[in-house]
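Peer 1: What follows is the file structure22.tsv, containing TSV, N, CA and C atoms:
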```
chain	number	residue	atom	x	y	z
C	1	MET	N	103.40	93.86	87.46
C	1	MET	CA	102.25	93.23	88.04
C	1	MET	C	102.37	91.72	87.89
C	2	SER	N	102.03	90.98	88.92
C	2	SER	CA	102.23	89.54	88.89
C	2	SER	C	101.04	88.83	88.25
C	3	VAL	N	101.29	87.61	87.76
C	3	VAL	CA	100.25	86.77	87.18
C	3	VAL	C	99.40	86.21	88.32
C	4	GLN	N	98.08	86.16	88.10
C	4	GLN	CA	97.20	85.61	89.13
C	4	GLN	C	97.04	84.12	88.88
C	5	HIS	N	97.45	83.31	89.86
C	5	HIS	CA	97.38	81.86	89.76
C	5	HIS	C	96.02	81.37	90.24
C	6	GLU	N	95.59	80.22	89.72
C	6	GLU	CA	94.34	79.62	90.16
C	6	GLU	C	94.67	78.40	91.01
C	7	ILE	N	94.08	78.33	92.20
C	7	ILE	CA	94.31	77.20	93.10
C	7	ILE	C	92.97	76.72	93.65
C	8	SER	N	92.91	75.43	93.95
C	8	SER	CA	91.68	74.89	94.53
C	8	SER	C	91.64	75.16	96.03
C	9	GLN	N	90.43	75.10	96.57
C	9	GLN	CA	90.27	75.26	98.01
C	9	GLN	C	91.10	74.21	98.75
C	10	ARG	N	91.13	73.01	98.24
C	10	ARG	CA	91.90	71.94	98.85
C	10	ARG	C	93.40	72.25	98.82
C	11	ASP	N	93.87	72.78	97.69
C	11	ASP	CA	95.28	73.14	97.57
C	11	ASP	C	95.62	74.25	98.56
C	12	LEU	N	94.71	75.21	98.72
C	12	LEU	CA	94.93	76.27	99.71
C	12	LEU	C	95.05	75.69	101.11
C	13	ARG	N	94.16	74.76	101.45
C	13	ARG	CA	94.20	74.14	102.77
C	13	ARG	C	95.52	73.38	102.97
C	14	ASN	N	95.92	72.60	101.97
C	14	ASN	CA	97.10	71.74	102.11
C	14	ASN	C	98.43	72.50	102.02
C	15	ARG	N	98.43	73.63	101.32
C	15	ARG	CA	99.69	74.37	101.10
C	15	ARG	C	99.57	75.81	101.59
C	16	SER	N	98.76	76.04	102.62
C	16	SER	CA	98.47	77.42	103.04
C	16	SER	C	99.73	78.22	103.37
C	17	GLY	N	100.67	77.63	104.07
C	17	GLY	CA	101.89	78.35	104.43
C	17	GLY	C	102.67	78.80	103.22
C	18	GLU	N	102.86	77.91	102.28
C	18	GLU	CA	103.59	78.22	101.05
C	18	GLU	C	102.86	79.29	100.22
C	19	ILE	N	101.55	79.14	100.14
C	19	ILE	CA	100.75	80.09	99.36
C	19	ILE	C	100.76	81.47	100.01
C	20	MET	N	100.61	81.53	101.33
C	20	MET	CA	100.62	82.83	102.01
C	20	MET	C	101.99	83.49	101.90
C	21	ASP	N	103.07	82.70	101.91
C	21	ASP	CA	104.40	83.27	101.69
C	21	ASP	C	104.48	83.91	100.30
C	22	ALA	N	103.89	83.23	99.30
C	22	ALA	CA	103.89	83.77	97.94
C	22	ALA	C	103.09	85.07	97.88
C	23	VAL	N	101.94	85.12	98.57
C	23	VAL	CA	101.13	86.34	98.61
C	23	VAL	C	101.93	87.46	99.26
C	24	GLU	N	102.62	87.12	100.34
C	24	GLU	CA	103.43	88.13	101.03
C	24	GLU	C	104.49	88.71	100.11
C	25	HIS	N	104.93	87.92	99.13
C	25	HIS	CA	105.96	88.39	98.20
C	25	HIS	C	105.36	88.92	96.90
C	26	GLY	N	104.05	89.22	96.90
C	26	GLY	CA	103.45	89.92	95.77
C	26	GLY	C	102.62	89.09	94.82
C	27	GLU	N	102.51	87.80	95.00
C	27	GLU	CA	101.71	86.98	94.10
C	27	GLU	C	100.24	87.00	94.49
C	28	SER	N	99.37	86.79	93.51
C	28	SER	CA	97.93	86.76	93.73
C	28	SER	C	97.37	85.41	93.30
C	29	PHE	N	96.27	85.01	93.94
C	29	PHE	CA	95.66	83.72	93.65
C	29	PHE	C	94.14	83.86	93.57
C	30	THR	N	93.53	83.11	92.65
C	30	THR	CA	92.09	82.93	92.63
C	30	THR	C	91.82	81.55	93.19
C	31	VAL	N	90.99	81.48	94.22
C	31	VAL	CA	90.67	80.21	94.87
C	31	VAL	C	89.38	79.67	94.24
C	32	THR	N	89.40	78.39	93.88
C	32	THR	CA	88.23	77.77	93.26
C	32	THR	C	87.67	76.66	94.13
C	33	ARG	N	86.37	76.43	93.98
C	33	ARG	CA	85.71	75.28	94.61
C	33	ARG	C	84.91	74.61	93.51
C	34	SER	N	85.19	73.32	93.29
C	34	SER	CA	84.55	72.57	92.19
C	34	SER	C	84.72	73.28	90.86
C	35	GLY	N	85.89	73.91	90.67
C	35	GLY	CA	86.21	74.57	89.42
C	35	GLY	C	85.67	75.98	89.26
C	36	SER	N	84.86	76.45	90.21
C	36	SER	CA	84.30	77.80	90.12
C	36	SER	C	85.06	78.76	91.03
C	37	PRO	N	85.44	79.94	90.53
C	37	PRO	CA	86.15	80.90	91.38
C	37	PRO	C	85.26	81.38	92.52
C	38	ILE	N	85.82	81.40	93.74
C	38	ILE	CA	85.05	81.85	94.90
C	38	ILE	C	85.74	82.96	95.70
C	39	ALA	N	87.04	83.13	95.50
C	39	ALA	CA	87.76	84.14	96.28
C	39	ALA	C	89.06	84.52	95.59
C	40	GLN	N	89.60	85.65	96.03
C	40	GLN	CA	90.91	86.08	95.57
C	40	GLN	C	91.79	86.34	96.78
C	41	LEU	N	93.02	85.88	96.69
C	41	LEU	CA	94.04	86.20	97.69
C	41	LEU	C	95.00	87.17	97.01
C	42	VAL	N	95.06	88.37	97.55
C	42	VAL	CA	95.94	89.39	96.98
C	42	VAL	C	96.74	90.05	98.09
C	43	PRO	N	97.93	90.50	97.79
C	43	PRO	CA	98.74	91.17	98.82
C	43	PRO	C	98.08	92.47	99.24
C	44	LEU	N	98.20	92.79	100.52
C	44	LEU	CA	97.72	94.07	101.02
C	44	LEU	C	98.68	95.16	100.58
C	45	CYS	N	98.13	96.32	100.39
C	45	CYS	CA	98.93	97.48	100.06
C	45	CYS	C	99.69	97.89	101.31
C	46	ARG	N	100.98	97.88	101.25
C	46	ARG	CA	101.77	98.25	102.42
C	46	ARG	C	102.06	99.74	102.40
C	47	ARG	N	101.85	100.35	103.54
C	47	ARG	CA	102.14	101.77	103.66
C	47	ARG	C	103.54	101.95	104.23
C	48	HIS	N	104.23	102.89	103.67
C	48	HIS	CA	105.59	103.16	104.12
C	48	HIS	C	105.63	104.53	104.80
C	49	ALA	N	106.35	104.59	105.85
C	49	ALA	CA	106.51	105.86	106.56
C	49	ALA	C	107.35	106.81	105.70
C	50	VAL	N	107.01	108.05	105.79
C	50	VAL	CA	107.75	109.09	105.07
C	50	VAL	C	108.52	109.88	106.10
C	51	SER	N	109.79	110.09	105.82
C	51	SER	CA	110.61	110.85	106.76
C	51	SER	C	110.18	112.31	106.73
C	52	ARG	N	110.55	113.03	107.76
C	52	ARG	CA	110.26	114.46	107.85
C	52	ARG	C	110.86	115.21	106.66
C	53	ASP	N	112.09	114.84	106.29
C	53	ASP	CA	112.74	115.51	105.16
C	53	ASP	C	112.00	115.23	103.85
C	54	GLN	N	111.55	113.98	103.64
C	54	GLN	CA	110.81	113.64	102.42
C	54	GLN	C	109.49	114.41	102.37
C	55	PHE	N	108.82	114.51	103.52
C	55	PHE	CA	107.57	115.26	103.56
C	55	PHE	C	107.80	116.73	103.23
C	56	ALA	N	108.86	117.30	103.79
C	56	ALA	CA	109.17	118.72	103.53
C	56	ALA	C	109.45	118.96	102.05
C	57	ILE	N	110.19	118.05	101.43
C	57	ILE	CA	110.49	118.20	99.99
C	57	ILE	C	109.21	118.06	99.17
C	58	GLY	N	108.39	117.07	99.52
C	58	GLY	CA	107.17	116.82	98.77
C	58	GLY	C	106.12	117.91	98.91
C	59	SER	N	106.11	118.59	100.03
C	59	SER	CA	105.10	119.61	100.26
C	59	SER	C	105.61	121.04	100.05
C	60	ALA	N	106.83	121.18	99.58
C	60	ALA	CA	107.43	122.51	99.41
C	60	ALA	C	106.62	123.39	98.47
C	61	ASN	N	106.03	122.81	97.44
C	61	ASN	CA	105.28	123.59	96.46
C	61	ASN	C	103.77	123.47	96.64
C	62	ALA	N	103.33	122.91	97.74
C	62	ALA	CA	101.89	122.76	97.99
C	62	ALA	C	101.27	124.12	98.27
C	63	PRO	N	100.04	124.31	97.83
C	63	PRO	CA	99.39	125.61	98.09
C	63	PRO	C	99.05	125.76	99.57
C	64	LEU	N	99.00	126.99	100.03
C	64	LEU	CA	98.60	127.26	101.40
C	64	LEU	C	97.09	127.03	101.54
C	65	ILE	N	96.69	126.53	102.69
C	65	ILE	CA	95.28	126.24	102.94
C	65	ILE	C	94.75	127.19	104.00
C	66	ASP	N	93.64	127.83	103.68
C	66	ASP	CA	92.95	128.69	104.64
C	66	ASP	C	92.11	127.77	105.53
C	67	PRO	N	92.44	127.65	106.82
C	67	PRO	CA	91.74	126.70	107.68
C	67	PRO	C	90.24	126.98	107.80
C	68	ASP	N	89.82	128.24	107.79
C	68	ASP	CA	88.40	128.56	107.88
C	68	ASP	C	87.65	128.12	106.62
C	69	ARG	N	88.26	128.38	105.48
C	69	ARG	CA	87.64	127.96	104.20
C	69	ARG	C	87.60	126.44	104.11
C	70	PHE	N	88.65	125.79	104.56
C	70	PHE	CA	88.71	124.32	104.55
C	70	PHE	C	87.57	123.75	105.39
C	71	ARG	N	87.38	124.30	106.59
C	71	ARG	CA	86.30	123.83	107.47
C	71	ARG	C	84.94	124.07	106.83
C	72	ALA	N	84.76	125.22	106.19
C	72	ALA	CA	83.49	125.52	105.52
C	72	ALA	C	83.24	124.54	104.38
C	73	ASP	N	84.28	124.21	103.64
C	73	ASP	CA	84.14	123.23	102.56
C	73	ASP	C	83.74	121.86	103.11
C	74	LEU	N	84.36	121.45	104.23
C	74	LEU	CA	84.00	120.17	104.84
C	74	LEU	C	82.55	120.17	105.31
C	75	ASP	N	82.14	121.24	105.96
C	75	ASP	CA	80.77	121.35	106.44
C	75	ASP	C	79.78	121.27	105.28
C	76	GLU	N	80.11	121.92	104.18
C	76	GLU	CA	79.23	121.90	103.01
C	76	GLU	C	79.19	120.50	102.39
C	77	ALA	N	80.33	119.85	102.31
C	77	ALA	CA	80.40	118.51	101.69
C	77	ALA	C	79.64	117.48	102.51
C	78	PHE	N	79.71	117.56	103.81
C	78	PHE	CA	79.06	116.56	104.67
C	78	PHE	C	77.68	117.00	105.14
C	79	GLU	N	77.30	118.22	104.86
C	79	GLU	CA	75.99	118.74	105.22
C	79	GLU	C	75.59	118.42	106.66
C	80	GLY	N	76.53	118.62	107.58
C	80	GLY	CA	76.25	118.40	108.99
C	80	GLY	C	76.25	116.95	109.41
C	81	GLU	N	76.63	116.03	108.53
C	81	GLU	CA	76.63	114.60	108.88
C	81	GLU	C	77.85	114.18	109.67
C	82	ALA	N	78.91	114.96	109.62
C	82	ALA	CA	80.14	114.60	110.33
C	82	ALA	C	79.91	114.75	111.83
C	83	ASP	N	80.27	113.71	112.55
C	83	ASP	CA	80.10	113.73	114.01
C	83	ASP	C	81.28	114.42	114.68
C	84	ASP	N	81.00	115.07	115.77
C	84	ASP	CA	82.06	115.64	116.59
C	84	ASP	C	82.61	114.51	117.45
C	85	PRO	N	83.89	114.13	117.27
C	85	PRO	CA	84.43	112.99	118.03
C	85	PRO	C	84.47	113.25	119.53
C	86	TYR	N	84.40	114.52	119.94
C	86	TYR	CA	84.45	114.85	121.36
C	86	TYR	C	83.05	115.07	121.94
C	87	GLY	N	82.03	114.96	121.09
C	87	GLY	CA	80.69	115.22	121.55
C	87	GLY	C	79.97	114.00	122.10
C	88	ARG	N	80.68	112.89	122.25
C	88	ARG	CA	80.05	111.67	122.73
C	88	ARG	C	79.96	111.62	124.22
```
Mind turning the file's structure into structure tokens?
Peer 2:
Amino acid sequence: MSVQHEISQRDLRNRSGEIMDAVEHGESFTVTRSGSPIAQLVPLCRRHAVSRDQFAIGSANAPLIDPDRFRADLDEAFEGEADDPYGR
């Protein structure tokens, strides 16, 4: 985990390209205004695609799901609040 650096709003404005490059490479920053923290710049969590073979290996021992029971569980959890995407 990287150290979170503190930078002023002015420093962010003047060095935005350099700072955003650092964020892209995993660094985090707390932005301050008049010495008070006002924001955090943190890298976004990047999602990686999983190959078909990796998925097959990872799900080989997964339990089987009964689709009717799964739907009943969803209906119970949402108590009818889930919208039908095709009902619009």
Peer 1: Smallest atom-to-atom distance to C:Val42: which of C:Leu12, C:Val23, C:Ala62, C:Ala77, using only C-alpha atoms?
Peer 2: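 Closest to C:Val42, using only C-alpha atoms: C:Val23.
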Peer 1: Please measure the separation of atom CA of C:Arg69 and atom CA of C:Gln54, giving the value in Å to one decimal.
Peer 2: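 According to the coordinates, atom CA of C:Arg69 and atom CA of C:Gln54 are separated by 27.3 Å.
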Peer 1: Write out as a PyMOL selection string each polymer residue whose atoms come within 7 Å of C:Thr32, counting all atoms listed in the file; drop sequence neighbours fewer than 6 positions from it.
Peer 2: chain C and resi 6-10+38-39
Peer 1: Could you write out as AutoDock Vina command-line options the box around stretch 35-52 of chain C (axis-aligned, all atoms listed in the file, 6 Å on each side), with centre and edge lengths in Å to one decimal?
Peer 2:
```
--center_x 97.6 --center_y 94.6 --center_z 98.6 --size_x 38.6 --size_y 53.3 --size_z 30.6
```
Peer 1: In Å, how far is it from atom C of C:Gly35 to atom N of C:Arg15?
Peer 2: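 Atom-to-atom, atom C of C:Gly35 and atom N of C:Arg15 are spaced 17.7 Å apart.
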Peer 1: Please, what distance in Å, to one decimal, runs between atom CA of C:Ile65 and atom CA of C:Ser51?
Peer 2: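 The value is 22.1 Å.
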Peer 1: Going by DSSP on the backbone, which residues of chain C come out as strand (DSSP E or B)? List them as a list in words.
Peer 2: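 The strand (DSSP E or B) subset of chain C is Gln4, His5, Glu6, Ile7, Ser8, Ser28, Phe29, Thr30, Val31, Thr32, Arg33, Ser36, Pro37, Ile38, Ala39, Gln40 and Leu41 of chain C.
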Peer 1: Quick one: pick out all helix (DSSP H, G or I) residues within chain C from a backbone DSSP run and write them as a ChimeraX atom specification.
Peer 2: /C:9-14,16-24,52-58,67-78
Peer 1: From the list C:Asp11, C:Glu18, C:Pro43, C:Gln4, which residue is nearest C:Thr30 when using all atoms listed in the file?
Peer 2: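 Nearest candidate to C:Thr30 out of C:Asp11, C:Glu18, C:Pro43, C:Gln4: C:Gln4.
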Peer 1: Out of C:Phe29, C:Phe55, C:Tyr86, C:Phe70, which residue has the shortest atom-to-atom distance to C:Leu41 when counting only N, CA and C atoms?
Peer 2: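 The answer is C:Phe29, which sits nearest to C:Leu41.
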Peer 1: Measuring atom to atom with only C-alpha atoms, identify which of C:Gly17, C:Ala72, C:Glu27, C:Arg46 is nearest to C:His5.
Peer 2: C:Glu27
